[in-house]
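So this block is start_6.pdb, PDB, C-alpha atoms and all ligand atoms:
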```
ATOM      1  CA  MET E   1     113.106  83.530 113.277
ATOM      2  CA  ASP E   2     112.535  83.024 109.557
ATOM      3  CA  MET E   3     109.303  84.075 107.879
ATOM      4  CA  GLY E   4     107.523  84.357 104.578
ATOM      5  CA  LEU E   5     105.467  87.408 103.641
ATOM      6  CA  GLY E   6     102.229  87.556 101.666
ATOM      7  CA  PHE E   7     100.490  90.579 100.167
ATOM      8  CA  ALA E   8      96.919  91.269  99.126
ATOM      9  CA  GLY E   9      95.014  94.077  97.489
ATOM     10  CA  GLY E  10      91.737  92.185  97.809
ATOM     11  CA  SER E  11      90.913  88.708  99.055
ATOM     12  CA  THR E  12      93.664  86.727  97.286
ATOM     13  CA  TRP E  13      97.079  86.378  98.875
ATOM     14  CA  SER E  14     100.227  86.350  96.829
ATOM     15  CA  PRO E  15     103.473  85.348  98.525
ATOM     16  CA  GLN E  16     106.769  87.145  98.014
ATOM     17  CA  LEU E  17     108.495  84.983  95.379
ATOM     18  CA  ARG E  18     111.864  84.696  93.725
ATOM     19  CA  SER E  19     112.417  83.035  90.337
ATOM     20  CA  TYR E  20     115.814  81.466  89.744
ATOM     21  CA  ASP E  21     114.931  80.488  86.202
ATOM     22  CA  GLN E  22     111.740  79.781  84.288
ATOM     23  CA  HIS E  23     111.276  76.404  86.033
ATOM     24  CA  LEU E  24     112.179  77.270  89.616
ATOM     25  CA  THR E  25     110.164  79.771  91.652
ATOM     26  CA  VAL E  26     110.349  79.603  95.432
ATOM     27  CA  GLU E  27     108.807  81.576  98.262
ATOM     28  CA  LEU E  28     111.307  84.135  99.508
ATOM     29  CA  MET E  29     112.192  83.849 103.220
ATOM     30  CA  PHE E  30     113.066  86.811 105.443
ATOM     31  CA  LYS E  31     115.313  86.676 108.512
ATOM     32  CA  GLY E  32     113.728  87.923 111.714
ATOM     33  CA  ASN E  33     115.226  88.903 115.056
ATOM     34  CA  ILE E  34     117.695  86.556 116.772
ATOM     35  CA  ASP E  35     117.227  87.907 120.321
ATOM     36  CA  GLY E  36     115.034  90.314 122.273
ATOM     37  CA  ASP E  37     117.048  93.497 121.613
ATOM     38  CA  THR E  38     118.753  93.415 118.204
ATOM     39  CA  ILE E  39     116.792  94.950 115.326
ATOM     40  CA  LYS E  40     116.798  93.054 112.049
ATOM     41  CA  LEU E  41     115.975  95.296 109.073
ATOM     42  CA  ASN E  42     114.748  93.752 105.801
ATOM     43  CA  LYS E  43     114.532  95.850 102.650
ATOM     44  CA  PHE E  44     112.294  94.805  99.762
ATOM     45  CA  GLU E  45     114.072  94.575  96.426
ATOM     46  CA  VAL E  46     110.834  95.491  94.664
ATOM     47  CA  PRO E  47     108.345  98.108  95.943
ATOM     48  CA  ILE E  48     105.106  96.711  97.322
ATOM     49  CA  ILE E  49     101.654  98.214  97.002
ATOM     50  CA  ALA E  50      99.139  96.202  99.039
ATOM     51  CA  GLN E  51      96.151  96.580 101.301
ATOM     52  CA  TRP E  52      97.101  93.742 103.654
ATOM     53  CA  ILE E  53     100.340  92.051 104.642
ATOM     54  CA  ARG E  54     100.436  88.542 106.127
ATOM     55  CA  ILE E  55     103.390  87.186 108.115
ATOM     56  CA  ASN E  56     103.974  83.466 108.003
ATOM     57  CA  PRO E  57     106.530  82.329 110.654
ATOM     58  CA  THR E  58     108.316  79.206 109.431
ATOM     59  CA  ARG E  59     111.257  78.615 111.814
ATOM     60  CA  TRP E  60     112.114  79.732 115.327
ATOM     61  CA  ARG E  61     114.262  78.755 118.275
ATOM     62  CA  ASP E  62     112.812  78.021 121.717
ATOM     63  CA  ARG E  63     109.673  80.123 122.117
ATOM     64  CA  ILE E  64     108.185  81.949 119.144
ATOM     65  CA  SER E  65     108.096  85.744 119.392
ATOM     66  CA  LEU E  66     108.344  88.693 117.004
ATOM     67  CA  ARG E  67     107.807  92.434 117.116
ATOM     68  CA  LEU E  68     107.478  93.893 113.650
ATOM     69  CA  GLU E  69     107.119  97.318 112.083
ATOM     70  CA  LEU E  70     106.565  98.189 108.415
ATOM     71  CA  TYR E  71     108.027 101.439 107.105
ATOM     72  CA  GLY E  72     105.959 102.830 104.258
ATOM     73  CA  CYS E  73     106.468 105.852 102.051
ATOM     74  CA  GLY E  74     104.172 108.499 100.579
ATOM     75  CA  TYR E  75     102.495 107.649  97.293
ATOM     76  CA  VAL E  76     102.462 110.082  94.372
ATOM     77  CA  SER E  77     100.954 109.170  91.011
ATOM     78  CA  ASP E  78     102.407 110.669  87.834
ATOM     79  CA  VAL E  79     100.590 108.946  85.009
ATOM     80  CA  LEU E  80     100.550 109.069  81.203
ATOM     81  CA  SER E  81      98.119 107.229  78.943
ATOM     82  CA  PHE E  82      98.944 105.912  75.473
ATOM     83  CA  ASN E  83      96.552 104.928  72.672
ATOM     84  CA  GLY E  84      98.709 102.809  70.362
ATOM     85  CA  SER E  85      99.764 105.794  68.245
ATOM     86  CA  SER E  86     101.387 107.633  71.163
ATOM     87  CA  LEU E  87     104.943 107.918  72.342
ATOM     88  CA  LEU E  88     107.135 109.896  74.674
ATOM     89  CA  ARG E  89     110.685 110.626  73.488
ATOM     90  CA  TYR E  90     113.351 111.537  75.998
ATOM     91  CA  ASP E  91     116.361 113.105  74.302
ATOM     92  CA  LEU E  92     119.748 111.585  75.213
ATOM     93  CA  LEU E  93     121.905 113.608  72.792
ATOM     94  CA  ARG E  94     123.200 116.082  75.375
ATOM     95  CA  GLU E  95     123.251 113.720  78.359
ATOM     96  CA  PRO E  96     123.747 110.203  77.031
ATOM     97  CA  ILE E  97     123.405 107.094  79.200
ATOM     98  CA  GLU E  98     126.880 105.531  79.436
ATOM     99  CA  THR E  99     126.669 103.408  82.523
ATOM    100  CA  ASP E 100     127.641 100.133  84.151
ATOM    101  CA  ARG E 101     124.515 100.308  86.286
ATOM    102  CA  HIS E 102     120.970 101.439  85.752
ATOM    103  CA  PHE E 103     117.640 101.166  87.421
ATOM    104  CA  ILE E 104     114.232 101.389  85.748
ATOM    105  CA  ARG E 105     110.975 101.148  87.632
ATOM    106  CA  PHE E 106     107.363 101.849  86.657
ATOM    107  CA  ARG E 107     103.783 100.576  86.789
ATOM    108  CA  PHE E 108     101.491  99.921  83.850
ATOM    109  CA  LYS E 109      98.035  98.675  82.984
ATOM    110  CA  THR E 110      96.675  97.620  79.633
ATOM    111  CA  ASN E 111      94.023  95.645  77.752
ATOM    112  CA  ASN E 112      96.366  94.763  74.914
ATOM    113  CA  ALA E 113      98.502  91.635  74.801
ATOM    114  CA  ASP E 114     101.225  93.292  72.677
ATOM    115  CA  GLY E 115     102.963  96.625  72.776
ATOM    116  CA  VAL E 116     106.302  98.420  73.040
ATOM    117  CA  LEU E 117     106.728  99.875  76.543
ATOM    118  CA  MET E 118     110.258 101.231  76.326
ATOM    119  CA  TYR E 119     113.009 101.356  73.730
ATOM    120  CA  SER E 120     116.386 102.930  73.237
ATOM    121  CA  ARG E 121     119.272 102.253  70.882
ATOM    122  CA  GLY E 122     122.715 103.849  70.723
ATOM    123  CA  THR E 123     125.055 104.452  67.792
ATOM    124  CA  GLN E 124     127.392 101.654  68.962
ATOM    125  CA  GLY E 125     124.587  99.097  68.546
ATOM    126  CA  ASP E 126     123.579  98.889  72.233
ATOM    127  CA  TYR E 127     119.864  98.630  72.828
ATOM    128  CA  ILE E 128     117.280  97.969  75.500
ATOM    129  CA  ALA E 129     113.795  96.883  74.405
ATOM    130  CA  LEU E 130     110.969  96.246  76.826
ATOM    131  CA  GLN E 131     107.745  94.986  75.342
ATOM    132  CA  LEU E 132     104.580  93.017  75.949
ATOM    133  CA  LYS E 133     104.191  90.012  73.706
ATOM    134  CA  ASP E 134     101.313  87.538  74.108
ATOM    135  CA  ASN E 135     100.569  89.196  77.473
ATOM    136  CA  ARG E 136     104.041  88.411  78.837
ATOM    137  CA  MET E 137     106.793  90.946  79.434
ATOM    138  CA  ILE E 138     109.955  90.547  77.349
ATOM    139  CA  LEU E 139     113.202  92.405  77.940
ATOM    140  CA  ASN E 140     115.759  92.270  75.127
ATOM    141  CA  ILE E 141     119.108  93.877  75.762
ATOM    142  CA  ASP E 142     122.449  94.139  73.963
ATOM    143  CA  LEU E 143     125.423  95.990  75.457
ATOM    144  CA  GLY E 144     127.079  96.433  72.062
ATOM    145  CA  SER E 145     128.435  92.956  71.308
ATOM    146  CA  GLY E 146     125.789  92.149  68.701
ATOM    147  CA  ILE E 147     124.350  89.304  70.816
ATOM    148  CA  MET E 148     120.856  89.747  72.230
ATOM    149  CA  THR E 149     119.982  88.619  75.752
ATOM    150  CA  SER E 150     116.279  87.985  76.248
ATOM    151  CA  LEU E 151     114.430  87.653  79.560
ATOM    152  CA  SER E 152     110.728  87.047  80.020
ATOM    153  CA  VAL E 153     108.507  87.292  83.087
ATOM    154  CA  GLY E 154     104.803  87.585  83.962
ATOM    155  CA  SER E 155     101.667  86.208  82.344
ATOM    156  CA  LEU E 156      98.152  87.478  81.536
ATOM    157  CA  LEU E 157      99.423  91.042  81.952
ATOM    158  CA  ASP E 158      96.698  92.529  79.719
ATOM    159  CA  ASP E 159      94.050  92.290  82.466
ATOM    160  CA  ASN E 160      93.612  96.048  82.975
ATOM    161  CA  MET E 161      95.166  95.803  86.454
ATOM    162  CA  TRP E 162      98.266  97.661  87.585
ATOM    163  CA  HIS E 163     101.546  95.725  87.300
ATOM    164  CA  ASP E 164     104.881  96.693  88.839
ATOM    165  CA  VAL E 165     108.030  96.437  86.734
ATOM    166  CA  LEU E 166     111.602  96.724  87.953
ATOM    167  CA  ILE E 167     114.806  96.369  85.930
ATOM    168  CA  SER E 168     118.104  96.742  87.680
ATOM    169  CA  ARG E 169     121.475  96.121  86.054
ATOM    170  CA  ASN E 170     124.973  95.966  87.463
ATOM    171  CA  ARG E 171     127.418  95.432  84.579
ATOM    172  CA  LYS E 172     126.345  92.112  83.038
ATOM    173  CA  ASN E 173     124.114  91.066  85.914
ATOM    174  CA  ILE E 174     120.488  91.960  85.461
ATOM    175  CA  SER E 175     117.418  91.641  87.702
ATOM    176  CA  PHE E 176     114.016  91.839  86.091
ATOM    177  CA  SER E 177     110.749  91.603  87.973
ATOM    178  CA  VAL E 178     107.057  91.978  87.285
ATOM    179  CA  ASP E 179     104.700  92.013  90.280
ATOM    180  CA  ARG E 180     107.485  90.966  92.664
ATOM    181  CA  VAL E 181     108.365  87.799  90.696
ATOM    182  CA  LEU E 182     112.079  88.273  90.209
ATOM    183  CA  ILE E 183     114.303  86.797  87.494
ATOM    184  CA  LYS E 184     118.070  87.187  87.573
ATOM    185  CA  GLY E 185     120.115  86.855  84.411
ATOM    186  CA  ARG E 186     123.509  87.507  82.907
ATOM    187  CA  ILE E 187     123.892  89.578  79.761
ATOM    188  CA  LYS E 188     125.715  87.824  76.928
ATOM    189  CA  GLY E 189     128.708  89.236  75.078
ATOM    190  CA  GLU E 190     132.005  90.844  76.031
ATOM    191  CA  PHE E 191     130.781  94.348  76.948
ATOM    192  CA  HIS E 192     129.388  95.570  80.255
ATOM    193  CA  ARG E 193     128.453  99.204  79.572
ATOM    194  CA  LEU E 194     125.142 100.378  78.151
ATOM    195  CA  ASP E 195     125.749 103.224  75.690
ATOM    196  CA  LEU E 196     122.574 105.022  74.683
ATOM    197  CA  ASN E 197     123.132 108.386  73.006
ATOM    198  CA  ARG E 198     120.092 109.082  70.847
ATOM    199  CA  ALA E 199     116.690 108.890  72.520
ATOM    200  CA  LEU E 200     114.733 106.821  75.016
ATOM    201  CA  TYR E 201     111.194 106.058  73.881
ATOM    202  CA  ILE E 202     108.380 105.280  76.309
ATOM    203  CA  GLY E 203     105.038 103.802  75.225
ATOM    204  CA  GLY E 204     105.991 103.457  71.576
ATOM    205  CA  VAL E 205     108.583 103.882  68.840
ATOM    206  CA  PRO E 206     108.352 105.768  65.529
ATOM    207  CA  ASN E 207     109.527 102.690  63.590
ATOM    208  CA  LYS E 208     110.531  99.066  64.220
ATOM    209  CA  GLN E 209     114.128  98.591  65.302
ATOM    210  CA  ASP E 210     116.632  95.973  66.529
ATOM    211  CA  GLY E 211     115.467  94.000  69.540
ATOM    212  CA  LEU E 212     111.744  94.593  69.004
ATOM    213  CA  VAL E 213     109.549  91.544  68.473
ATOM    214  CA  VAL E 214     106.165  93.312  68.298
ATOM    215  CA  ASN E 215     104.919  95.830  65.761
ATOM    216  CA  GLN E 216     102.411  97.616  67.992
ATOM    217  CA  ASN E 217     102.967 100.553  70.265
ATOM    218  CA  PHE E 218     101.604 100.384  73.794
ATOM    219  CA  THR E 219      97.948 101.048  74.622
ATOM    220  CA  GLY E 220      97.200 101.777  78.274
ATOM    221  CA  CYS E 221      98.663 103.718  81.186
ATOM    222  CA  ILE E 222     102.178 104.075  82.579
ATOM    223  CA  GLU E 223     102.655 105.447  86.077
ATOM    224  CA  ASN E 224     105.713 106.680  88.009
ATOM    225  CA  PHE E 225     108.363 105.849  85.433
ATOM    226  CA  TYR E 226     111.773 106.111  87.088
ATOM    227  CA  LEU E 227     115.046 106.095  85.170
ATOM    228  CA  ASN E 228     117.589 105.844  87.976
ATOM    229  CA  ALA E 229     116.570 108.628  90.409
ATOM    230  CA  THR E 230     114.614 110.661  87.825
ATOM    231  CA  SER E 231     110.846 110.416  87.774
ATOM    232  CA  ILE E 232     110.437 110.936  84.014
ATOM    233  CA  ILE E 233     106.719 111.798  83.908
ATOM    234  CA  ARG E 234     107.029 114.228  86.828
ATOM    235  CA  ASP E 235     110.110 115.810  85.225
ATOM    236  CA  LEU E 236     108.183 116.161  81.952
ATOM    237  CA  LYS E 237     105.272 117.892  83.736
ATOM    238  CA  GLU E 238     107.612 120.236  85.601
ATOM    239  CA  THR E 239     109.569 121.218  82.496
ATOM    240  CA  GLU E 240     106.287 121.973  80.687
ATOM    241  CA  ILE E 241     105.237 124.275  83.540
ATOM    242  CA  THR E 242     108.554 126.120  83.638
ATOM    243  CA  GLY E 243     108.820 126.266  79.839
ATOM    244  CA  GLU E 244     112.208 124.553  79.884
ATOM    245  CA  ASN E 245     111.068 121.518  77.961
ATOM    246  CA  LEU E 246     114.021 120.822  75.702
ATOM    247  CA  ARG E 247     114.434 117.099  76.355
ATOM    248  CA  TYR E 248     110.924 115.762  75.830
ATOM    249  CA  TYR E 249     108.689 115.263  72.851
ATOM    250  CA  LYS E 250     105.304 113.587  73.245
ATOM    251  CA  VAL E 251     102.634 112.454  70.827
ATOM    252  CA  ASN E 252      98.976 111.638  71.659
ATOM    253  CA  THR E 253      99.453 111.205  75.404
ATOM    254  CA  LEU E 254      97.250 112.322  78.304
ATOM    255  CA  TYR E 255      98.162 113.059  81.931
ATOM    256  CA  SER E 256      95.379 110.810  83.177
ATOM    257  CA  CYS E 257      94.334 107.200  82.933
ATOM    258  CA  PRO E 258      90.840 106.939  81.370
ATOM    259  CA  GLU E 259      88.938 103.695  81.842
ATOM    260  CA  PRO E 260      88.729 101.731  78.583
ATOM    261  CA  PRO E 261      85.243 101.045  77.106
ATOM    262  CA  ILE E 262      85.665  97.312  77.736
ATOM    263  CA  ILE E 263      86.756  96.291  81.222
ATOM    264  CA  PRO E 264      87.929  92.694  81.549
ATOM    265  CA  VAL E 265      87.257  90.886  84.816
ATOM    266  CA  THR E 266      89.671  88.286  86.172
ATOM    267  CA  PHE E 267      88.218  85.367  88.147
ATOM    268  CA  LEU E 268      91.091  84.307  90.353
ATOM    269  CA  THR E 269      89.607  81.307  92.189
ATOM    270  CA  HIS E 270      87.012  78.579  91.621
ATOM    271  CA  GLY E 271      84.612  80.480  93.889
ATOM    272  CA  SER E 272      84.859  83.820  92.040
ATOM    273  CA  TYR E 273      81.770  85.217  90.327
ATOM    274  CA  ALA E 274      80.268  88.460  89.073
ATOM    275  CA  ARG E 275      76.610  89.306  89.626
ATOM    276  CA  LEU E 276      74.644  91.738  87.485
ATOM    277  CA  LYS E 277      71.957  93.727  89.260
ATOM    278  CA  GLY E 278      68.825  95.301  87.850
ATOM    279  CA  TYR E 279      67.509  92.661  85.462
ATOM    280  CA  GLU E 280      64.762  91.143  87.637
ATOM    281  CA  GLY E 281      61.335  90.687  86.041
ATOM    282  CA  ILE E 282      62.662  90.875  82.487
ATOM    283  CA  SER E 283      61.564  87.879  80.403
ATOM    284  CA  SER E 284      64.458  87.975  77.943
ATOM    285  CA  LEU E 285      68.052  89.050  78.121
ATOM    286  CA  ASN E 286      70.806  89.215  75.536
ATOM    287  CA  ALA E 287      74.350  88.759  76.773
ATOM    288  CA  SER E 288      77.666  88.290  75.022
ATOM    289  CA  LEU E 289      81.141  87.845  76.393
ATOM    290  CA  THR E 290      84.605  86.750  75.456
ATOM    291  CA  PHE E 291      86.675  84.750  77.907
ATOM    292  CA  ARG E 292      90.113  83.247  78.232
ATOM    293  CA  THR E 293      91.416  80.551  80.546
ATOM    294  CA  THR E 294      94.669  78.679  80.928
ATOM    295  CA  LYS E 295      92.896  75.530  82.174
ATOM    296  CA  ILE E 296      91.049  73.133  79.860
ATOM    297  CA  LYS E 297      88.963  71.725  82.751
ATOM    298  CA  GLU E 298      87.639  75.176  83.542
ATOM    299  CA  LEU E 299      86.814  75.798  79.904
ATOM    300  CA  PHE E 300      84.231  72.977  80.030
ATOM    301  CA  CYS E 301      82.887  74.318  83.340
ATOM    302  CA  ILE E 302      82.329  77.709  81.712
ATOM    303  CA  ILE E 303      80.554  76.147  78.726
ATOM    304  CA  ASN E 304      78.303  74.089  81.049
ATOM    305  CA  LEU E 305      77.610  77.133  83.168
ATOM    306  CA  LEU E 306      76.686  79.220  80.131
ATOM    307  CA  GLN E 307      74.347  76.488  78.866
ATOM    308  CA  THR E 308      72.608  76.273  82.252
ATOM    309  CA  TRP E 309      72.318  80.007  82.415
ATOM    310  CA  LEU E 310      71.087  80.581  78.917
ATOM    311  CA  TRP E 311      68.604  77.725  78.497
TER     312      TRP E 311
HETATM  313 CA    CA V 401     128.256  99.196  75.196
END
```

When written as structure tokens, how does the structure in this file appear?
Ligand SMILES: [Ca+2]
Amino acid sequence: MDMGLGFAGGSTWSPQLRSYDQHLTVELMFKGNIDGDTIKLNKFEVPIIAQWIRINPTRWRDRISLRLELYGCGYVSDVLSFNGSSLLRYDLLREPIETDRHFIRFRFKTNNADGVLMYSRGTQGDYIALQLKDNRMILNIDLGSGIMTSLSVGSLLDDNMWHDVLISRNRKNISFSVDRVLIKGRIKGEFHRLDLNRALYIGGVPNKQDGLVVNQNFTGCIENFYLNATSIIRDLKETEITGENLRYYKVNTLYSCPEPPIIPVTFLTHGSYARLKGYEGISSLNASLTFRTTKIKELFCIINLLQTWLW
């Protein structure tokens, strides 16, 4: 049997997707069992956090049947918040990154369309720069050849909702995903090793450097930041408790994720709405809002709706 999988945290389903390039995104299919006894195990390339999971059988032989189990794992939240003038520096002088492979995974949420999420540059000219620009995620990387490779994924990421990021590299092959939409690319140039021997910055940089296309540091929260097997924020907390903090330096960060004063609301479907309670019997009401849409048709609907509502 072959099947597609969908995930939901609320009422909207999102299928498991794979992007081959910026024009081609297809629903990812999973192989199921081929007989009544053999177990078929599927591993997700990107971790999934969802309230509901929907199975969509697409192909089967003879009679349709499936027995399915999902293996979860415990959830721990190690979070840091950043205010645009914050940063976390992770010292690489004593233990530099000199690898053919690396794995970076974290979650973030923000209200800002631009910001530096992660940056590191070595003395041989290698760098990795992960940033939000115009509410999309951009990864710029150079393995030392002086040629930048740029990958971009995601859209409308400044909606104050949690987004999952995964970057996995094997020599020149790189996988980059935001919210389970996966892009695969190949890093340009002759080199295949990432040499970072100064510092890794999270949430901001002290000054603008090669590979960065935005001037702002990140504003928002970063949760469960993994560099290979190390949970950086947890490691930072533990070293502060034991007094062995020699690798980390942090500026203006908090170990919590405060709600911002303005909370944007995303209307995902044509039927979505928000209702305010507690204004009955009042003869006048002042309201103001800012909105953003990617669809011109809906823009006119909003204007009509506002006119009906206000007059
Ligand atoms: Ca290199």

Checklist line | From E:Ala113, E:Val178, E:Ile97, E:Leu200, residue lying nearest Asp164 in chain E [all atoms listed in the file] | finding: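 Looking only at the distances to Asp164 in chain E, the closest residue turns out to be E:Val178.
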
Margin query: One decimal, in Å: what's the spacing between CA of Gly146 in chain E and CA of Gly125 in chain E?
Written below: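 The value is 7.1 Å.
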
Go through chain E and flag each residue having an atom no more than 6 Å from ligand CA 401 (chain V); for those, report the closest pair of atoms plus their distance in Å to one decimal, using all atoms listed in the file, ordered by chain and rising number, as a tab-separated table.
```
residue	atom	partner	partner_atom	distance
E:Asp126	CA	V:CA401	CA	5.5
E:Leu143	CA	V:CA401	CA	4.3
E:Gly144	CA	V:CA401	CA	4.3
E:Phe191	CA	V:CA401	CA	5.7
E:Arg193	CA	V:CA401	CA	4.4
E:Leu194	CA	V:CA401	CA	4.5
E:Asp195	CA	V:CA401	CA	4.8
```

Write a file of the selected residues as a PDB file, keeping the file's coordinate frame, keeping C-alpha atoms.
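So the final result, stored in result-v1.pdb, reads:
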```pdb
ATOM      1  CA  ASP E 126     123.579  98.889  72.233  1.00  0.00           C
ATOM      2  CA  LEU E 143     125.423  95.990  75.457  1.00  0.00           C
ATOM      3  CA  GLY E 144     127.079  96.433  72.062  1.00  0.00           C
ATOM      4  CA  PHE E 191     130.781  94.348  76.948  1.00  0.00           C
ATOM      5  CA  ARG E 193     128.453  99.204  79.572  1.00  0.00           C
ATOM      6  CA  LEU E 194     125.142 100.378  78.151  1.00  0.00           C
ATOM      7  CA  ASP E 195     125.749 103.224  75.690  1.00  0.00           C
TER       8      ASP E 195
END
```

Check: How many Å separate CA of Ala287 in chain E from CA of Arg275 in chain E?
Finding: 13.1 Å

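Relative to CA of Asn207 in chain E, CA of Asn224 in chain E is found at 25.0 Å.
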
Note to self: Just checking: using all atoms listed in the file, which residue out of E:Asn160, E:Ser120, E:Asn215, E:Asn197 ends up closest to Arg89 in chain E?
What the structure shows: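 With all atoms listed in the file as the atom set, the closest residue is E:Ser120.
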
Next item on the list: Quick one: everything within 7 Å of Ser85 in chain E, counting only C-alpha atoms, minus sequence neighbours fewer than 2 positions away in the same chain. Send it as an MDAnalysis selection string.
Entry: chainID E and resid 83 87 217 252

Notebook entry, point to check: Do you know which residues the PyMOL selection byres (((chain E and resi 104) around 10) and not hetatm) returns on this file, as a PyMOL selection string?
Noted result: chain E and resi 102-103+105-106+165-169+176+225-231

Please dump the current selection as a tab-separated table (two decimals), in the coordinates of the input; keep C-alpha atoms.
```
chain	number	residue	atom	x	y	z
E	102	HIS	CA	120.97	101.44	85.75
E	103	PHE	CA	117.64	101.17	87.42
E	105	ARG	CA	110.98	101.15	87.63
E	106	PHE	CA	107.36	101.85	86.66
E	165	VAL	CA	108.03	96.44	86.73
E	166	LEU	CA	111.60	96.72	87.95
E	167	ILE	CA	114.81	96.37	85.93
E	168	SER	CA	118.10	96.74	87.68
E	169	ARG	CA	121.48	96.12	86.05
E	176	PHE	CA	114.02	91.84	86.09
E	225	PHE	CA	108.36	105.85	85.43
E	226	TYR	CA	111.77	106.11	87.09
E	227	LEU	CA	115.05	106.10	85.17
E	228	ASN	CA	117.59	105.84	87.98
E	229	ALA	CA	116.57	108.63	90.41
E	230	THR	CA	114.61	110.66	87.82
E	231	SER	CA	110.85	110.42	87.77
```

Check: For this file, the PyMOL selection byres (((chain E and resi 90) around 7) and not hetatm) selects which residues, as a PyMOL selection string?
Finding: chain E and resi 88-89+91-92+199-201+247-249

File of the preceding selection, C-alpha atoms, as a PDB file, in the frame of the given file:
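What follows is the written file part-v6.pdb:
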```pdb
ATOM      1  CA  LEU E  88     107.135 109.896  74.674  1.00  0.00           C
ATOM      2  CA  ARG E  89     110.685 110.626  73.488  1.00  0.00           C
ATOM      3  CA  ASP E  91     116.361 113.105  74.302  1.00  0.00           C
ATOM      4  CA  LEU E  92     119.748 111.585  75.213  1.00  0.00           C
ATOM      5  CA  ALA E 199     116.690 108.890  72.520  1.00  0.00           C
ATOM      6  CA  LEU E 200     114.733 106.821  75.016  1.00  0.00           C
ATOM      7  CA  TYR E 201     111.194 106.058  73.881  1.00  0.00           C
ATOM      8  CA  ARG E 247     114.434 117.099  76.355  1.00  0.00           C
ATOM      9  CA  TYR E 248     110.924 115.762  75.830  1.00  0.00           C
ATOM     10  CA  TYR E 249     108.689 115.263  72.851  1.00  0.00           C
TER      11      TYR E 249
END
```

Next item on the list: Can you pull out every residue within 8 Å of Asn173 in chain E, counting only C-alpha atoms, but drop anything in the same chain fewer than 5 positions away, and send it as a PyMOL selection string?
Entry: chain E and resi 184-187

Item checked: Pick from E:Met3, E:Leu28, E:Leu93, E:Ile64 nearest to Arg121 in chain E, counting all atoms listed in the file -> E:Leu93

Notebook entry, point to check: If you count all atoms listed in the file, which residues fall within 9 Å of Ile233 in chain E, apart from same-chain ones fewer than 4 positions away, as JSON, numbers by chain?
Noted result: {"E": [78, 79, 80, 223, 224, 225, 226, 237, 238, 255]}

Output as a PDB file, keeping the file's coordinate frame: range 175-186 of chain E, completed with N, CA and C atoms.
```pdb
ATOM      1  N   SER E 175     118.595  92.117  86.975  1.00  0.00           N
ATOM      2  CA  SER E 175     117.418  91.641  87.702  1.00  0.00           C
ATOM      3  C   SER E 175     116.204  92.228  87.020  1.00  0.00           C
ATOM      4  N   PHE E 176     115.204  91.418  86.822  1.00  0.00           N
ATOM      5  CA  PHE E 176     114.016  91.839  86.091  1.00  0.00           C
ATOM      6  C   PHE E 176     112.814  91.277  86.836  1.00  0.00           C
ATOM      7  N   SER E 177     111.904  92.135  87.249  1.00  0.00           N
ATOM      8  CA  SER E 177     110.749  91.603  87.973  1.00  0.00           C
ATOM      9  C   SER E 177     109.461  92.272  87.516  1.00  0.00           C
ATOM     10  N   VAL E 178     108.408  91.485  87.515  1.00  0.00           N
ATOM     11  CA  VAL E 178     107.057  91.978  87.285  1.00  0.00           C
ATOM     12  C   VAL E 178     106.207  91.464  88.436  1.00  0.00           C
ATOM     13  N   ASP E 179     105.546  92.378  89.132  1.00  0.00           N
ATOM     14  CA  ASP E 179     104.700  92.013  90.280  1.00  0.00           C
ATOM     15  C   ASP E 179     105.459  91.167  91.302  1.00  0.00           C
ATOM     16  N   ARG E 180     106.665  91.570  91.611  1.00  0.00           N
ATOM     17  CA  ARG E 180     107.485  90.966  92.664  1.00  0.00           C
ATOM     18  C   ARG E 180     108.007  89.582  92.314  1.00  0.00           C
ATOM     19  N   VAL E 181     107.730  89.051  91.125  1.00  0.00           N
ATOM     20  CA  VAL E 181     108.365  87.799  90.696  1.00  0.00           C
ATOM     21  C   VAL E 181     109.664  88.188  90.008  1.00  0.00           C
ATOM     22  N   LEU E 182     110.772  87.780  90.605  1.00  0.00           N
ATOM     23  CA  LEU E 182     112.079  88.273  90.209  1.00  0.00           C
ATOM     24  C   LEU E 182     112.857  87.226  89.415  1.00  0.00           C
ATOM     25  N   ILE E 183     113.427  87.656  88.289  1.00  0.00           N
ATOM     26  CA  ILE E 183     114.303  86.797  87.494  1.00  0.00           C
ATOM     27  C   ILE E 183     115.679  87.446  87.474  1.00  0.00           C
ATOM     28  N   LYS E 184     116.715  86.642  87.668  1.00  0.00           N
ATOM     29  CA  LYS E 184     118.070  87.187  87.573  1.00  0.00           C
ATOM     30  C   LYS E 184     118.759  86.563  86.370  1.00  0.00           C
ATOM     31  N   GLY E 185     119.456  87.370  85.606  1.00  0.00           N
ATOM     32  CA  GLY E 185     120.115  86.855  84.411  1.00  0.00           C
ATOM     33  C   GLY E 185     121.477  87.490  84.221  1.00  0.00           C
ATOM     34  N   ARG E 186     122.200  86.962  83.237  1.00  0.00           N
ATOM     35  CA  ARG E 186     123.509  87.507  82.907  1.00  0.00           C
ATOM     36  C   ARG E 186     123.520  87.866  81.427  1.00  0.00           C
TER      37      ARG E 186
END
```
